[in-house]
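Beneath this line is the structure, given in structure tokens, with notes to follow.
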Amino acid sequence: MQMMRDVDLTNGYWGALYVLAPMRGNFCVIVDGPIGCHYVPIDSALNYTDAIPYLQNVYATHILEGDVALDGTLHKLRKLCGELIDRYENIFILSCAESEIISSEGSMLEAEIDGRRIYYIHTRSLDVDDLTARDDIMLYLYEHVAPKMPRLPKKASAKPLVNILGPTYGNFNHYADFAEIKRLIEGIGAEVNVAFPFDCELGDITRLDDADANVLLYQEYGQKLGKALGKPLFFGPIGLQATTEFLLGLADALGLRAEAEAFIAKEKRTTLQGFWDVWRSPHQDIFRTNTFGVYAHKTYAEGLINFMRDELGFEAYACGVKTDRWRSKNAMDIEAALLENPPTLFFGSINEKIYITEHILPTRFIAAATPMPIVCRSTGTPFMGYNGVVYLTQIVSNELFDILYSHIHIEYAPEKDKRRRERDAARKEWEEQLKGSIVIREVRWPEETVAHMEKVLKKVPFFVRVSASKMLRVESEKLAKEQFRDYVTTDDVDQVYNRFKR
């Protein structure tokens with residue numbers, strides 16, 4: 001049996017809930033499962049992750065052992081549907097792992113009564129991960145639910161219409177990236193038709209066919225729906241070049257080329273000013289002498305690699321795309337990669353943060369994937385678009401400045417007194433040397449110690465290695481002299497490095 005590492009995906013039930021939960025409207029969701037399947041995602045997850053806000057239209061059957069062993073579970077599901085059918089126009093029943101294990105026959109409750117409908121969705125939580133389920137449920141809503149709902153009239157707008165597909169709960173930084181993509185679409189003169197499912201009514205899914213083009217926010221899921229809609233499809237961009245190509249490609253599909261070129265020219269003078277300011281500074285040299293790594297889902301992994309390596313000039317270490325735990329067993333051993341070549345900066349999830357902390361690596365961690373015990377609700381922290389270029393450059397620069405600061409030796413009062421005593425002793429020694437009473441003793445560096453010194457310096461960010469090298473050499477020689485040795489040992493180097501590293 002091979003144990004999978006770095007798995008950060010939940011199952012199909014969570015994926016279905018991630019898609020249904022953000023939409024507004026007179027509908028509810030019933031979780032056909034035990035008490036934990038309701039309280040973990042609906043009530044508890046917000047306390048420690050940026051996941052699903054508290055939802056008042058989600059109910060659960062709360063299956064108990066007695067239900068399974070004695071009466072069966074269908075009666076509880078039927079009873080709950082009967083209580084809710086008069087309050088909601090649409091009811092979505094979601095299976096979970098437990099109800100699938102006991103073969104609950106909830107699908108027989110699918111019905112339509114006076115325009116009110118009950119849908120049973122087999123989420124295949126035992127077979128698929130949440131990304132696959134999001135792909136499937138988005139297509140299900142378009143193909144099976146939309147045709148049964150009253151079709152809403154097309155938006156009265158003289159502008160081309162664009163759908164944004166894919167922003168759901170459970171994604172890293174989706175509030176900010178969604179807001180930036182919406183800003184870009186409107187900036188070239190188009191209008192957002194339906195933002196599905198993050199910012200729309202359930203009934204808006206009947207308008208999906210009205211759009212002239214579709215923007216799929218992520219590459220991990222949503223392509224089934226994008227292909228079914230049969231309109232030009234574009235993906236959320238990360239980086240300067242990718243954003244420009246995205247805007248021009250979308251504009252060509254909408255007949256807005258001139259408007260897009262004018263918008264891009266304006267963005268270069270305004271939004272991107274913060275990026276140009278940094279790029280014209282000494283940061284260019286700092287970027288080129290540093291390394292980075294990333295281990296995230298496809299959208300962020302490929303976007304960050306292209307931006308950090310090809311546009312900012314960082315050297316890429318330990319970069320990979322998180323694998324699908326159900327389709328592949330070749331997950332990257334990211335822990336080993338980090339130990340072999342620790343990069344200056346690393347973008348990833350809580351797994352990688354744990355590795356960096358556990359092994360006391362000098363690498364600085366930047367969140368770029370779920371799960372993470374952080375909250376990303378601000379719309380001002382995008383990774384995508386032109387604002388994403390500015391924001392990423394900002395956080396990368398600030399991390400490098402912090403690294404530089406952490407390697408500056410700060411002398412506290414006791415250390416200053418010690419230094420003063422050392423200077424006085426050195427002055428007296430120099431006076432004695434001038435009198436010819438003693439001979440200056442030089443400290444040797446054996447080949448073994450020199451080789452070890454080079455290994456230790458590789459753990460230090462490249463752009464501060466010069467000062468770190470000098471500090472290690474001076475302090476190591478001083479340590480050898482204090483112990484009345486005329487040579488430096490590897491233990492001397494390690495002792496000094498452990499004393500000064502932060």
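Chain labels follow the order of the structure tokens: the first chain is A, the next B, and so on; residue numbering restarts at 1 in every chain, and ligands are counted from 1 in their shown order.
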Can you list, as a ChimeraX atom specification, every protein, DNA or RNA residue that comes within 12 Å of A:Glu447 when you count only C-alpha atoms, leaving out same-chain residues fewer than 4 positions away? /A:451-454,487-490
Save out the residues we just selected, C-alpha atoms, as a PDB file, in the first residue's frame.
```pdb
ATOM      1  CA  ALA A 451      33.964  22.472   2.174  1.00  0.00           C
ATOM      2  CA  HIS A 452      31.616  22.507   5.158  1.00  0.00           C
ATOM      3  CA  MET A 453      31.574  26.314   5.126  1.00  0.00           C
ATOM      4  CA  GLU A 454      30.410  26.255   1.487  1.00  0.00           C
ATOM      5  CA  TYR A 487      42.744  25.910  13.030  1.00  0.00           C
ATOM      6  CA  VAL A 488      38.968  26.199  12.523  1.00  0.00           C
ATOM      7  CA  THR A 489      36.744  23.113  12.827  1.00  0.00           C
ATOM      8  CA  THR A 490      33.378  22.328  11.253  1.00  0.00           C
TER       9      THR A 490
END
```
Select from stretch 209-243 of chain A every residue with an atom at most 10 Å from any atom of stretch 302-325 of chain A, then for each give the shortest pair of atoms and their distance in Å to one decimal, using only C-alpha atoms, rows by chain and rising number, as a Markdown table.
```
| residue | atom | partner | partner_atom | distance |
| --- | --- | --- | --- | --- |
| A:Glu220 | CA | A:Asp324 | CA | 9.7 |
| A:Gly236 | CA | A:Gly303 | CA | 9.4 |
| A:Pro237 | CA | A:Gly303 | CA | 7.1 |
| A:Ile238 | CA | A:Gly303 | CA | 4.9 |
| A:Gly239 | CA | A:Phe307 | CA | 5.0 |
| A:Leu240 | CA | A:Phe307 | CA | 7.4 |
| A:Gln241 | CA | A:Glu311 | CA | 8.3 |
| A:Ala242 | CA | A:Gly303 | CA | 8.4 |
```
For the residues in that selection, give me C-alpha atoms as a PDB file, in the first residue's frame.
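Contents of out15.pdb, freshly written:
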```
ATOM      1  CA  GLU A 220      -8.646  22.798 -12.260  1.00  0.00           C
ATOM      2  CA  GLY A 236      -7.739  33.752 -15.408  1.00  0.00           C
ATOM      3  CA  PRO A 237      -4.207  35.163 -16.019  1.00  0.00           C
ATOM      4  CA  ILE A 238      -1.299  35.566 -13.592  1.00  0.00           C
ATOM      5  CA  GLY A 239       1.534  37.863 -14.634  1.00  0.00           C
ATOM      6  CA  LEU A 240       2.101  40.885 -16.830  1.00  0.00           C
ATOM      7  CA  GLN A 241       2.316  39.171 -20.207  1.00  0.00           C
ATOM      8  CA  ALA A 242      -0.459  36.668 -19.448  1.00  0.00           C
TER       9      ALA A 242
END
```
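The residue that comes closest to A:Lys182, out of A:Ala213, A:Asp129, A:Leu202, A:Gly385 and on the basis of only C-alpha atoms, is A:Gly385.
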Please identify all polymer residues within 10 Å of A:Leu248, counting only C-alpha atoms, omitting same-chain residues fewer than 4 positions from it, and present them as a ChimeraX atom specification. /A:188,243-244,252-254,256-261,264
Backbone DSSP call of strand (DSSP E or B) for stretch 243-300 of chain A, listed as a count of residues only: 6
What lies within 12 Å of A:Val464 using only C-alpha atoms, ignoring chain neighbours under 4 positions off, as a list in words?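 Here the answer would be Ile286, Thr289, Asn290, Thr344, Leu400, Phe401, Asp402, Ile403, Leu404, Tyr405, Ser406, His407, Ile408, Leu457, Lys458, Lys459, Val460, Ala468, Ser469, Lys470 and Met471 of chain A.
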Enumerate the residues of stretch 4-40 of chain A with a DSSP assignment of alpha helix (DSSP H), computed from the backbone, and present them as number ranges by chain. A: 12-20, 36-38
Report, in Å to a single decimal, how far apart atom CA of A:Glu191 and atom CA of A:Gly249 are.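 Calculated distance between atom CA of A:Gly249 and atom CA of A:Glu191 is 15.9 Å.
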Which one is closest to A:Trp14: A:Ala262, A:Ala133, A:Leu80, A:Ile374? Count only C-alpha atoms.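 Smallest distance to A:Trp14 is found for A:Ala133.
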